[in-house]
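Q: Next up is a structure, given as structure tokens.
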Amino acid sequence: MATSQKPVVGIPRALLYHRYAALWQTYFKSLGVETVVSAPTDRVIAEAGARAAGDEMCLSLKVYLGHVASLIGKCDCIFVPRIVDFGIRRVMCTTFEGLPDIVANVFRDEHLKVLSYNVNVQGGLGEKEAMIALGRELGFSRKAAKKAYKAGFAAQKAADDAAAAKAEKQYKAKGLKIILGAHRYVTEDAYYGRPVIQYLKEKGAEVILADAVERKSARRAARQFSPTMKWEVSREIAGSIAMHEHLADGIILMSVYPCALDSMVDDMIVRKLKDSGVPILTLTMDAQSGTAGLETRLESFLDILTLRRRAKQEVKA
Amino acid sequence: MSQNETKRKVAFPMIAHYNPAVKYLIEQGLGQIYVMQPAMTRRTMALGEKLAPDMVCTPFKTILGSMIEALEAGADTLIMTMGYCRLGYYGELAESILREQGYTFDYVNFAEYTTGRPKDYLKALKAITPHPRPPKVLKALKEALDMVQHIDDIECQYYMNCGFETEKGSFKAALNRFFKAMTSAKSRKDIDRGYRACLNAFETLPVKKPEPVLKVGLIGEYFTVMDAFSNLDLEQALADMGVEVHRWMNVSHRNLDYPGEKNLHVRIKDYCRYEMGPTSTANIWKAKKYAEDGFDGIIHVKSAGCTPEIEIMPVLRRISEDYKIPVLFLTYDTETATAGLMTRLEAFYDMIAMRRKVIL
Amino acid sequence: MKKEAYLGVDVGSISTKGVIMDGDKNLLASAYIWTEGDPIGAVKRLIEKLGAQFDRNAWQVVATGTTGSARKLVGAMLGATVVKNEITAHAVGTTAYHPDVRTILEIGGQDSKIILLENGIAIDYAMNTLCAAGTGAFLSSQSRRLGIPVEDMGAVALKSAHPTHIAARCTVFAESDLVHKIQMGHTKEDIVAGLCEAVVGNYLNNVGKGKRIQEPIVFQGGVSKNIGVVKAFERALGAPVIVDENGHLMGAIGAAILAKHHDARKVFDFGIENVAFKTREVICGQCPNRCEIICVYRDGKLIDNWGNRCEKGDITARQAKHA
């Protein structure tokens with residue numbers, strides 16, 4: 001077994017890290033592989049990303065490349081999984097299909113070593129087999145890799161279940177309930193998404209992440225909602241919104257510029273919910289450092305929701 | 001229902017020059033009437049832009065606009081294709097927008113029938129005609145696909161040669177005759193006759209090609225690189241400057257005779273470990289091939305926000321560095337004025353022409 | 001016998017530039033004026049200024065080149081022998097004075113571009129794809145907001161030790177960010193210096209993306225007059241940046257040199273002051289493309305037209321038919 005020269009694996013704290021942190025961390029820990037995760041996004045990371053990335057790339061990909069840049073020199077390889085799909089109408093954004101090669105080509109002069117695993121269910125490669133193959137590539141036995149995956153899978157499931165349970169509880173809360181429909185890598189980003197959530201919380205709102213949901217039910221709900229929607233994460237978000245919109249005071253759809261999926265999905269959500277009467281705010285974030293413009297929009301949205309709730313209560317009373 | 005049931009009036013969004021083949025299949029194979037909307041114009045773009053979400057990729061806007069123009073032209077049934085990227089979701093969103101605008105029509109969205117079971121495509125067929133006769137359908141389908149290959153072949157030859165014609169407009173006239181013949185074709189004989197006539201014309205029309213000739217290869221987003229309206233007639237503009245224009249990307253090459261992802265991928269493994277997107281492998285391979293074949297330049301074409309094409313740009317830059325071949329990146333949005341494009345193209349032409357002079 | 005001279009005119013959105021050169025690349029006359037949204041009027045004033053600067057008895061302009069965004073219109077007006085895009089004109093003009101230049105940075109009123117050269121030949125270039133963010137127009141609008149004349153911005157920027165960070169990807173975002181920063185109490189010096197850095201950052205992230213910027217580097221265009229931006233470039237690139245005293249004229253110089261090398265000859269007479277030039281936009285109604293055709297008239301006679309995309313709108317053909 002390869003214990004002599006295990007590499008230090010660098011993990012960018014961006015994009016799918018925010019979806020799979022438990023899986024990845026537990027997996028590497030179980031194998032005894034040392035990892036280093038980049039620091040939460042700050043201005044330096046965001047700007048390094050903008051410099052490295054193509055101008056037309058989406059903000060989240062730019063941020064990701066900033067995280068990669070920040071890991072250079074701190075590890076032996078960078079962990080960049082490739083996740084294409086989980087089956088028919090369960091595909092990921094093409095960014096996750098190309099990510100390992102985007103990283104390799106952008107940082108070619110740095111001679112980065114990219115460590116990856118490849119999930120492509122329609123092509124016959126499931127997550128489990130992919131992560132076992134990764135373990136083999138790192139020099140571990142199939143048995144050890146399988147065990148590590150099992151531990152990682154369990155940890156991730158526990159984390160996801162806990163998040164979904166927390167959200168279900170939030171839907172029963174008394175305060176002003178806002179569903180935040182956004183990719184996890186947007187809501188969890190310390191520089192772009194977190195401040196928005198923080199602001200809403202400070203104003204007393206109960207912010208519920210749409211993608212914190214029992215995924216299978218959400219995908220089923222999305223099928224009713226929009227039959228040909230084919231992106232895994234969009235279906236979770238849209239399905240969750242369809243399941244819970246009647247419990248919420250308002251919905252915020254937050255995306256980064258220019259998000260390919262949200263450019264169509266957000267429009268569809270707004271269309272389908274037009275008759276439900278629930279107010280929806282769409283926010284698009286650019287590589288902008290100040291949140292001055294956002295605050296004004298958030299504040300007025302909160303005002304509307306508060307007034308609506310008061311009016312409803314008066315009618316009841 | 002009786003055999004004399006009223007026929008459907010079927011339409012398909014305008015996509016490059018392929019609509020005559022769709023018409024052929026609908027009329028000869030399925031026995032319905034095909035409604036051909038007018039060629040795309042600024043009005044098409046304006047119609048689509050008004051109703052489409054702001055940040056969706058541009059082809060959605062033109063396709064939506066051309067669906068409206070088909071309905072205006074009297075279509076009662078719209079067909080829409082599936083697709084690997086956002087294109088696969090175009091159909092449902094477009095329907096939702098059109099219904100909201102009060103249009104009434106039957107809709108056959110192939111994305112709905114993409115279930116992994118090929119049998120389900122038969123259901124789509126039945127949605128167009130209740131009693132399809134499989135042998136007739138298959139025969140017409142085969143002939144329509146042959147027509148697609150003829151169209152691609154003629155277009156390839158046209159853009160490689162029209163810039164060097166000695167009688168101005170002679171190639172264009174032959175090309176227009178060809179498209180007219182394809183649009184009115186009712187049998188394989190008609191298709192073959194039109195195709196041969198055009199080939200013959202191209203062979204006999206006088207041309208004067210300098211030696212060596214400047215060669216530019218076009219790559220990029222599937223729709224925009226093929227559709228002359230969307231790319232502001234880029235190929236014609238280049239040809240008019242006296243360039244031999246090559247474009248591999250078309251339906252024949254990508255869908256009918258595709259060498260296969262695996263076969264192509266081995267040829268670019270120095271640049272990519274994996275396939276990066278629906279047309280990425282082909283574009284990267286072709287860029288490398290143009291470079292190896294001594295082309296003078298490469299132009300990469302895409303609509304604004306086309307994620308897969310944006311994401312192969314770092315790879316194309318590496319090829320440009322390694323082979324010292326200039327790559328011009330063009331991004332198209334709903335802008336229909338050509339001034340900005342012409343400035344870039346003229347400069348690109350000057351650059352490759354001067355390089356050629358120095359190298360020789 | 002009069003000696004041969006060449007006229008080059010560069011008409012941009014903000015400024016109009018012109019030179020008259022002899023065969024050895026010496027400037028006989030030069031002028032730089034504001035376009036003020038009226039390229040025809042600007043060119044008339046420009047020609048008047050140029051005509052007054054050199055000895056018309058000793059020299060004769062035998063060829064004329066035009067460049068810049070209004071190159072076609074002005075080319076038709078002046079009867080140009082060469083009409084060239086501004087990228088080629090700048091490359092040709094700059095290499096005439098700096099034969100070893102490897103990188104040309106250019107920021108003008110609406111456009112910004114980068115040209116990479118090897119042995120005097122352009123090998124790669126790029127132009128801004130997005131909006132006018134980070135160009136001269138952006139700087140002037142911000143200077144108005146700050147109440148600092150645009151020509152003083154460079155000097156003001158040099159006084160700052162801590163440039164304010166400003167998001168300049170998009171003019172709209174930059175404006176709101178700027179207002180925000182002013183309200184937060186940043187000093188004007190720091191904000192102006194921040195703007196200069198934002199222009200450079202935006203340029204390098206957009207047109208400069210993926211380009212190997214090698215020395216010698218020449219910086220030109222209207223914004224090269226701003227020393228704050230020059231210094232910001234030098235900091236970002238870690239290399240000296242050359243600003244030629246004639247940098248603002250390079251497009252016009254390139255156009256004059258191109259006219260000289262081109263075969264066509266046509267003696268230019270300076271008597272256009274009293275000629276009436278008019279342009280008219282005709283929207284062709286022959287098909288739904290509704291092409292906007294620009295017609296140029298000289299003393300009421302149509303001398304040129306463009307903007308038409310198909311044979312249906314071919315004005316000269318139609319006129320020929322009527323004639």
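Naming scheme: A, B, ... for chains in displayed order of the structure tokens; residues 1 onward per chain; ligands 1 onward as shown.
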If we count only C-alpha atoms, what is near Ala76 in chain C at a cut-off of 10 Å, once residues fewer than 4 positions away on the same chain are taken out, given as a PyMOL selection string?

A: chain C and resi 66+71-72+80-81+83+277+296-298+303-305

Q: With N, CA and C atoms retained, write the just-selected residues as a short mmCIF file (atom, residue, chain, number, x, y, z; two decimals), in the first residue's frame.

A:
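As written to disk, out-v4.cif reads:
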data_model
loop_
_atom_site.label_atom_id
_atom_site.label_comp_id
_atom_site.auth_asym_id
_atom_site.auth_seq_id
_atom_site.Cartn_x
_atom_site.Cartn_y
_atom_site.Cartn_z
N THR C 66 -7.66 56.97 -44.77
CA THR C 66 -8.52 57.25 -43.62
C THR C 66 -8.65 56.00 -42.77
N ARG C 71 -14.18 55.81 -40.75
CA ARG C 71 -13.25 55.78 -41.88
C ARG C 71 -13.94 55.78 -43.24
N LYS C 72 -15.10 55.10 -43.32
CA LYS C 72 -15.78 54.99 -44.60
C LYS C 72 -16.37 56.33 -45.02
N ALA C 80 -10.56 59.24 -50.47
CA ALA C 80 -9.36 58.55 -49.99
C ALA C 80 -8.91 57.46 -50.97
N THR C 81 -7.60 57.25 -51.05
CA THR C 81 -7.08 56.16 -51.88
C THR C 81 -6.96 54.86 -51.08
N VAL C 83 -8.72 53.06 -47.40
CA VAL C 83 -9.57 53.12 -46.21
C VAL C 83 -9.23 51.88 -45.40
N PHE C 277 -21.36 68.53 -47.63
CA PHE C 277 -21.49 67.08 -47.49
C PHE C 277 -22.69 66.79 -46.62
N VAL C 296 -24.11 59.03 -48.70
CA VAL C 296 -23.30 60.25 -48.57
C VAL C 296 -23.45 61.08 -49.84
N TYR C 297 -23.79 62.34 -49.65
CA TYR C 297 -23.99 63.23 -50.79
C TYR C 297 -22.94 64.34 -50.77
N ARG C 298 -22.40 64.63 -51.95
CA ARG C 298 -21.49 65.74 -52.08
C ARG C 298 -22.19 66.76 -52.97
N ILE C 303 -22.49 60.14 -53.52
CA ILE C 303 -21.17 59.66 -53.90
C ILE C 303 -20.86 58.28 -53.34
N ASP C 304 -21.59 57.86 -52.28
CA ASP C 304 -21.31 56.53 -51.73
C ASP C 304 -22.48 56.11 -50.84
N ASN C 305 -22.59 54.82 -50.63
CA ASN C 305 -23.57 54.31 -49.67
C ASN C 305 -23.12 52.96 -49.16
#

Q: Could you give me, as a tab-separated table (two decimals) with N, CA and C atoms, in the first residue's frame, the residues within 12 Å of Arg45 in chain C, counting only C-alpha atoms and dropping anything in the same chain fewer than 4 positions from it?

A:
chain	number	residue	atom	x	y	z
C	16	THR	N	-10.68	63.64	-33.54
C	16	THR	CA	-10.34	63.50	-34.95
C	16	THR	C	-8.90	63.94	-35.11
C	17	LYS	N	-8.09	63.07	-35.76
C	17	LYS	CA	-6.66	63.34	-35.86
C	17	LYS	C	-6.25	63.34	-37.33
C	18	GLY	N	-5.28	64.18	-37.67
C	18	GLY	CA	-4.82	64.18	-39.05
C	18	GLY	C	-3.34	64.55	-39.13
C	31	ALA	N	-2.73	67.72	-36.64
C	31	ALA	CA	-3.79	68.37	-35.88
C	31	ALA	C	-4.60	67.33	-35.12
C	32	TYR	N	-5.16	67.76	-33.99
C	32	TYR	CA	-5.92	66.88	-33.10
C	32	TYR	C	-7.08	67.70	-32.57
C	33	ILE	N	-8.29	67.36	-32.93
C	33	ILE	CA	-9.45	68.13	-32.47
C	33	ILE	C	-10.56	67.18	-31.99
C	34	TRP	N	-11.57	67.74	-31.33
C	34	TRP	CA	-12.69	66.91	-30.85
C	34	TRP	C	-13.67	66.65	-31.98
C	35	THR	N	-14.20	65.46	-32.02
C	35	THR	CA	-15.17	65.12	-33.07
C	35	THR	C	-16.53	65.75	-32.77
C	36	GLU	N	-16.87	65.83	-31.53
C	36	GLU	CA	-18.12	66.44	-31.07
C	36	GLU	C	-19.35	65.87	-31.79
C	38	ASP	N	-19.82	65.08	-34.70
C	38	ASP	CA	-20.04	65.56	-36.07
C	38	ASP	C	-18.79	65.31	-36.89
C	39	PRO	N	-18.61	64.08	-37.37
C	39	PRO	CA	-17.37	63.76	-38.08
C	39	PRO	C	-17.17	64.63	-39.33
C	40	ILE	N	-18.24	64.98	-40.03
C	40	ILE	CA	-18.07	65.77	-41.26
C	40	ILE	C	-17.52	67.16	-40.92
C	41	GLY	N	-18.16	67.80	-39.93
C	41	GLY	CA	-17.69	69.13	-39.51
C	41	GLY	C	-16.28	69.07	-38.98
C	49	LYS	N	-7.07	73.27	-40.70
C	49	LYS	CA	-5.90	73.41	-39.84
C	49	LYS	C	-4.65	72.84	-40.49
C	50	LEU	N	-4.78	71.66	-41.08
C	50	LEU	CA	-3.62	71.03	-41.71
C	50	LEU	C	-3.12	71.87	-42.89
C	51	GLY	N	-4.08	72.35	-43.68
C	51	GLY	CA	-3.73	73.12	-44.88
C	51	GLY	C	-2.93	74.37	-44.55
C	52	ALA	N	-3.21	74.93	-43.37
C	52	ALA	CA	-2.53	76.17	-42.99
C	52	ALA	C	-1.11	75.93	-42.48
C	270	PHE	N	-7.39	71.08	-51.21
C	270	PHE	CA	-7.86	71.43	-49.88
C	270	PHE	C	-9.18	72.21	-49.90
C	271	GLY	N	-9.76	72.31	-51.08
C	271	GLY	CA	-10.96	73.15	-51.20
C	271	GLY	C	-12.24	72.46	-50.79
C	272	ILE	N	-12.27	71.75	-49.67
C	272	ILE	CA	-13.53	71.10	-49.30
C	272	ILE	C	-14.33	71.93	-48.32
C	273	GLU	N	-13.75	73.06	-47.87
C	273	GLU	CA	-14.46	73.85	-46.86
C	273	GLU	C	-15.83	74.27	-47.35
C	274	ASN	N	-15.92	74.59	-48.62
C	274	ASN	CA	-17.19	75.12	-49.12
C	274	ASN	C	-18.06	74.08	-49.81

Q: Give one line per residue of chain A that approaches chain B to at most 9 Å, naming the two atoms of the closest pair and their distance in Å to one decimal, counting only C-alpha atoms; sort by chain then ascending residue number and deliver it as a tab-separated table.

A:
residue	atom	partner	partner_atom	distance
A:Ala53	CA	B:Pro314	CA	8.5
A:Gly54	CA	B:Pro314	CA	7.4
A:Asp55	CA	B:Ile310	CA	8.9
A:Glu56	CA	B:Ile310	CA	6.6
A:Met57	CA	B:Ile310	CA	6.3
A:Cys58	CA	B:Thr307	CA	8.3
A:Arg82	CA	B:Tyr274	CA	8.5
A:Ile88	CA	B:Thr115	CA	6.8
A:Arg89	CA	B:Thr115	CA	8.3
A:Cys93	CA	B:Cys85	CA	8.3
A:Thr94	CA	B:Gly277	CA	6.0
A:Thr95	CA	B:Pro308	CA	7.1
A:Phe96	CA	B:Met276	CA	8.6
A:Glu97	CA	B:Met276	CA	5.5
A:Gly98	CA	B:Met276	CA	4.0
A:Leu99	CA	B:Met276	CA	7.8
A:Pro100	CA	B:Arg273	CA	7.8
A:Asp101	CA	B:Cys272	CA	5.5
A:Ile102	CA	B:Glu311	CA	6.6
A:Ala104	CA	B:Cys272	CA	8.2
A:Asn105	CA	B:Val315	CA	5.7
A:Val106	CA	B:Pro314	CA	5.8
A:Arg108	CA	B:Arg318	CA	8.6
A:Asn118	CA	B:Tyr274	CA	8.9
A:Ser226	CA	B:Glu92	CA	7.8
A:Pro227	CA	B:Glu112	CA	7.3
A:Thr228	CA	B:Glu112	CA	6.0
A:Met229	CA	B:Tyr89	CA	6.3
A:Lys230	CA	B:Tyr89	CA	7.5
A:Tyr257	CA	B:Met55	CA	8.8
A:Pro258	CA	B:Gly305	CA	6.5
A:Cys259	CA	B:Gly305	CA	8.1
A:Ala260	CA	B:Thr307	CA	6.7
A:Leu261	CA	B:Arg86	CA	7.3
A:Asp262	CA	B:Val56	CA	8.7
A:Ser263	CA	B:Val56	CA	5.1
A:Met264	CA	B:Val56	CA	6.2
A:Val265	CA	B:Leu93	CA	8.7
A:Asp267	CA	B:Pro53	CA	6.3
A:Met268	CA	B:Leu93	CA	6.8
A:Arg271	CA	B:Ser96	CA	8.2

Q: Would you work out the distance separating CA of Arg308 in chain A from CA of Ile269 in chain A, expressed in Å to one decimal?

A: 21.0 Å

Q: Output the contact residues of chain B with respect to chain C at a cut-off of 9 Å, based on only C-alpha atoms, as a ChimeraX atom specification.

A: /B:40-44,314,317,324-331,337-340,342-344,346-348,350-352,354-355,358

Q: List the neighbours of Arg8 in chain B out to 9 Å using only C-alpha atoms; skip same-chain residues closer than 5 positions along the sequence, and give me the result as a PyMOL selection string.

A: chain B and resi 31-34+75-77+128-129

Q: When distances are computed from only C-alpha atoms, which of C:Asn26, C:Gln53, C:Ser143, C:Thr164 shows the smallest separation from chain A?

A: C:Thr164

Q: From range 42-195 of chain B, collect each residue whose DSSP state is strand (DSSP E) and return the set as a VMD selection string.

A: chain B and resid 77 to 80 106 to 109

Q: Identify which of the residues C:Ile114, C:Ala155, C:Ile293, C:Val267 lies closest to Ile217 in chain C, counting only C-alpha atoms when measuring atom-to-atom distances.

A: C:Ile114

Q: What lies within 12 Å of range 195-204 of chain A using only C-alpha atoms, ignoring chain neighbours under 6 positions off, as a ChimeraX atom specification?

A: /A:41-42,173-182,186-189,252-255,283-285,289-303,306

Q: Write to file, as a JSON list (two decimals), in the first residue's frame, the residues of the selection just made, with N, CA and C atoms.

A:
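Now in out.json:
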[["chain", "number", "residue", "atom", "x", "y", "z"],
["A", 41, "THR", "N", -13.58, 32.49, 0.34],
["A", 41, "THR", "CA", -13.35, 33.52, -0.68],
["A", 41, "THR", "C", -13.21, 34.89, -0.04],
["A", 42, "ASP", "N", -12.17, 35.60, -0.43],
["A", 42, "ASP", "CA", -12.04, 37.01, -0.05],
["A", 42, "ASP", "C", -11.68, 37.79, -1.31],
["A", 173, "ALA", "N", -41.40, 27.96, 10.99],
["A", 173, "ALA", "CA", -41.07, 29.07, 11.89],
["A", 173, "ALA", "C", -42.12, 30.17, 11.78],
["A", 174, "LYS", "N", -42.07, 31.09, 12.77],
["A", 174, "LYS", "CA", -43.06, 32.16, 12.84],
["A", 174, "LYS", "C", -42.68, 33.37, 11.98],
["A", 175, "GLY", "N", -41.39, 33.62, 11.92],
["A", 175, "GLY", "CA", -40.92, 34.86, 11.29],
["A", 175, "GLY", "C", -41.20, 34.93, 9.79],
["A", 176, "LEU", "N", -40.66, 35.98, 9.17],
["A", 176, "LEU", "CA", -40.82, 36.17, 7.73],
["A", 176, "LEU", "C", -39.98, 35.13, 7.00],
["A", 177, "LYS", "N", -40.64, 34.25, 6.25],
["A", 177, "LYS", "CA", -39.90, 33.13, 5.66],
["A", 177, "LYS", "C", -39.59, 33.40, 4.19],
["A", 178, "ILE", "N", -38.31, 33.33, 3.89],
["A", 178, "ILE", "CA", -37.89, 33.56, 2.51],
["A", 178, "ILE", "C", -37.17, 32.32, 2.01],
["A", 179, "ILE", "N", -37.63, 31.80, 0.86],
["A", 179, "ILE", "CA", -36.90, 30.69, 0.24],
["A", 179, "ILE", "C", -35.83, 31.29, -0.65],
["A", 180, "LEU", "N", -34.61, 30.86, -0.45],
["A", 180, "LEU", "CA", -33.51, 31.35, -1.28],
["A", 180, "LEU", "C", -33.16, 30.26, -2.30],
["A", 181, "GLY", "N", -33.52, 30.50, -3.54],
["A", 181, "GLY", "CA", -33.22, 29.53, -4.60],
["A", 181, "GLY", "C", -31.94, 29.93, -5.28],
["A", 182, "ALA", "N", -30.89, 29.13, -5.03],
["A", 182, "ALA", "CA", -29.58, 29.45, -5.61],
["A", 182, "ALA", "C", -28.70, 28.24, -5.50],
["A", 186, "VAL", "N", -23.15, 29.44, -4.56],
["A", 186, "VAL", "CA", -23.41, 30.88, -4.49],
["A", 186, "VAL", "C", -23.77, 31.25, -3.05],
["A", 187, "THR", "N", -24.71, 30.49, -2.45],
["A", 187, "THR", "CA", -25.15, 30.84, -1.09],
["A", 187, "THR", "C", -24.04, 30.66, -0.07],
["A", 188, "GLU", "N", -23.15, 29.68, -0.30],
["A", 188, "GLU", "CA", -22.10, 29.41, 0.69],
["A", 188, "GLU", "C", -20.86, 30.25, 0.47],
["A", 189, "ASP", "N", -20.78, 31.00, -0.60],
["A", 189, "ASP", "CA", -19.56, 31.74, -0.86],
["A", 189, "ASP", "C", -19.42, 32.92, 0.11],
["A", 252, "ILE", "N", -36.47, 34.40, -3.16],
["A", 252, "ILE", "CA", -35.39, 35.12, -3.82],
["A", 252, "ILE", "C", -34.63, 34.14, -4.71],
["A", 253, "LEU", "N", -34.53, 34.45, -5.98],
["A", 253, "LEU", "CA", -33.72, 33.63, -6.89],
["A", 253, "LEU", "C", -32.42, 34.39, -7.11],
["A", 254, "MET", "N", -31.34, 33.82, -6.63],
["A", 254, "MET", "CA", -30.06, 34.53, -6.68],
["A", 254, "MET", "C", -29.12, 33.77, -7.60],
["A", 255, "SER", "N", -28.56, 34.45, -8.58],
["A", 255, "SER", "CA", -27.61, 33.76, -9.44],
["A", 255, "SER", "C", -26.42, 34.65, -9.77],
["A", 283, "LEU", "N", -32.06, 38.17, -8.27],
["A", 283, "LEU", "CA", -30.83, 38.94, -8.07],
["A", 283, "LEU", "C", -29.73, 38.32, -8.91],
["A", 284, "THR", "N", -28.96, 39.14, -9.60],
["A", 284, "THR", "CA", -27.81, 38.62, -10.32],
["A", 284, "THR", "C", -26.56, 39.31, -9.80],
["A", 285, "MET", "N", -25.58, 38.52, -9.45],
["A", 285, "MET", "CA", -24.36, 39.10, -8.89],
["A", 285, "MET", "C", -23.22, 39.10, -9.90],
["A", 289, "SER", "N", -17.67, 44.57, -5.99],
["A", 289, "SER", "CA", -17.26, 44.41, -4.60],
["A", 289, "SER", "C", -18.29, 44.97, -3.63],
["A", 290, "GLY", "N", -18.93, 46.09, -3.96],
["A", 290, "GLY", "CA", -19.89, 46.67, -3.03],
["A", 290, "GLY", "C", -21.23, 45.98, -3.11],
["A", 291, "THR", "N", -21.96, 45.97, -2.02],
["A", 291, "THR", "CA", -23.30, 45.39, -2.05],
["A", 291, "THR", "C", -24.35, 46.49, -1.93],
["A", 292, "ALA", "N", -23.92, 47.73, -2.23],
["A", 292, "ALA", "CA", -24.81, 48.88, -2.05],
["A", 292, "ALA", "C", -26.10, 48.71, -2.85],
["A", 293, "GLY", "N", -25.97, 48.36, -4.10],
["A", 293, "GLY", "CA", -27.14, 48.21, -4.95],
["A", 293, "GLY", "C", -28.05, 47.09, -4.47],
["A", 294, "LEU", "N", -27.42, 46.00, -4.04],
["A", 294, "LEU", "CA", -28.19, 44.84, -3.59],
["A", 294, "LEU", "C", -29.00, 45.17, -2.35],
["A", 295, "GLU", "N", -28.37, 45.89, -1.42],
["A", 295, "GLU", "CA", -29.05, 46.18, -0.16],
["A", 295, "GLU", "C", -30.36, 46.91, -0.38],
["A", 296, "THR", "N", -30.34, 47.88, -1.27],
["A", 296, "THR", "CA", -31.55, 48.64, -1.55],
["A", 296, "THR", "C", -32.66, 47.71, -2.04],
["A", 297, "ARG", "N", -32.30, 46.82, -2.94],
["A", 297, "ARG", "CA", -33.31, 45.92, -3.50],
["A", 297, "ARG", "C", -33.81, 44.94, -2.45],
["A", 298, "LEU", "N", -32.90, 44.43, -1.62],
["A", 298, "LEU", "CA", -33.30, 43.48, -0.58],
["A", 298, "LEU", "C", -34.21, 44.15, 0.43],
["A", 299, "GLU", "N", -33.84, 45.38, 0.80],
["A", 299, "GLU", "CA", -34.61, 46.08, 1.82],
["A", 299, "GLU", "C", -36.04, 46.32, 1.34],
["A", 300, "SER", "N", -36.17, 46.79, 0.10],
["A", 300, "SER", "CA", -37.52, 47.08, -0.39],
["A", 300, "SER", "C", -38.33, 45.79, -0.55],
["A", 301, "PHE", "N", -37.64, 44.70, -0.90],
["A", 301, "PHE", "CA", -38.35, 43.42, -1.02],
["A", 301, "PHE", "C", -38.89, 42.99, 0.35],
["A", 302, "LEU", "N", -38.04, 43.14, 1.38],
["A", 302, "LEU", "CA", -38.46, 42.78, 2.73],
["A", 302, "LEU", "C", -39.65, 43.64, 3.16],
["A", 303, "ASP", "N", -39.62, 44.93, 2.79],
["A", 303, "ASP", "CA", -40.73, 45.82, 3.14],
["A", 303, "ASP", "C", -42.04, 45.30, 2.53],
["A", 306, "THR", "N", -43.27, 42.24, 4.39],
["A", 306, "THR", "CA", -43.81, 42.58, 5.71],
["A", 306, "THR", "C", -45.21, 43.17, 5.58]]

Q: As a ChimeraX atom specification, please: all residues of range 12-144 of chain A that backbone DSSP puts in helix (DSSP H, G or I).

A: /A:17-31,43-52,59-71,94-106,108-110,121-123,127-137,142-144

Q: Could you pull the residues within 12 Å of His18 in chain A, counting only C-alpha atoms, minus those fewer than 4 positions along the same chain, as a list in words?

A: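 So, after excluding close chain neighbours, the residues are Ile11, Pro12, Arg13, Ala14, Ala22, Leu23, Trp24, Gln25, Val37, Pro40, Ser60, Tyr64, Gln156, Ala159, Asp160, His183, Arg184, Tyr185, Val186, Thr187, Glu188, Asp189, Ala190 and Asp211 of chain A.
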
Q: For Ala52 in chain A, work out the shell of residues within 9 Å, counting only C-alpha atoms and skipping chain neighbours fewer than 5 positions away, then give it as a list in words.

A: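 The residues satisfying every condition are Glu47, Lys62, Leu65, Gly66, Ala69, Val106 and Phe107 of chain A; Asn205, Lys209 and Gly210 of chain C.
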
Q: Keeping only C-alpha atoms, write the selected residues to a file as an mmCIF file, in the first residue's frame.

A:
data_model
loop_
_atom_site.group_PDB
_atom_site.id
_atom_site.type_symbol
_atom_site.label_atom_id
_atom_site.label_comp_id
_atom_site.auth_asym_id
_atom_site.auth_seq_id
_atom_site.Cartn_x
_atom_site.Cartn_y
_atom_site.Cartn_z
ATOM 1 C CA GLU A 47 -9.432 39.083 -7.995
ATOM 2 C CA LYS A 62 -13.773 32.741 -11.815
ATOM 3 C CA LEU A 65 -9.923 29.513 -10.406
ATOM 4 C CA GLY A 66 -8.943 32.051 -7.732
ATOM 5 C CA ALA A 69 -4.393 29.847 -7.676
ATOM 6 C CA VAL A 106 -5.546 27.878 -17.507
ATOM 7 C CA PHE A 107 -2.649 26.957 -15.215
ATOM 8 C CA ASN C 205 -8.728 41.115 -17.788
ATOM 9 C CA LYS C 209 -6.533 38.168 -21.440
ATOM 10 C CA GLY C 210 -4.179 35.345 -22.350
#

Q: With a distance cut-off of 10 Å and only C-alpha atoms, select the neighbouring residues of Ile63 in chain B, excluding the residue or stretch itself and same-chain residues fewer than 2 positions from it, and output the selection as number ranges by chain.

A: B: 12-15, 40, 44-45, 47-48, 58-61, 65-69, 80, 90-91, 94

Q: In Å, rounded to a single decimal, give me how far CA of Lys216 in chain A is from CA of Thr81 in chain B.

A: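 We find that CA of Thr81 in chain B and CA of Lys216 in chain A lie 27.8 Å from each other.
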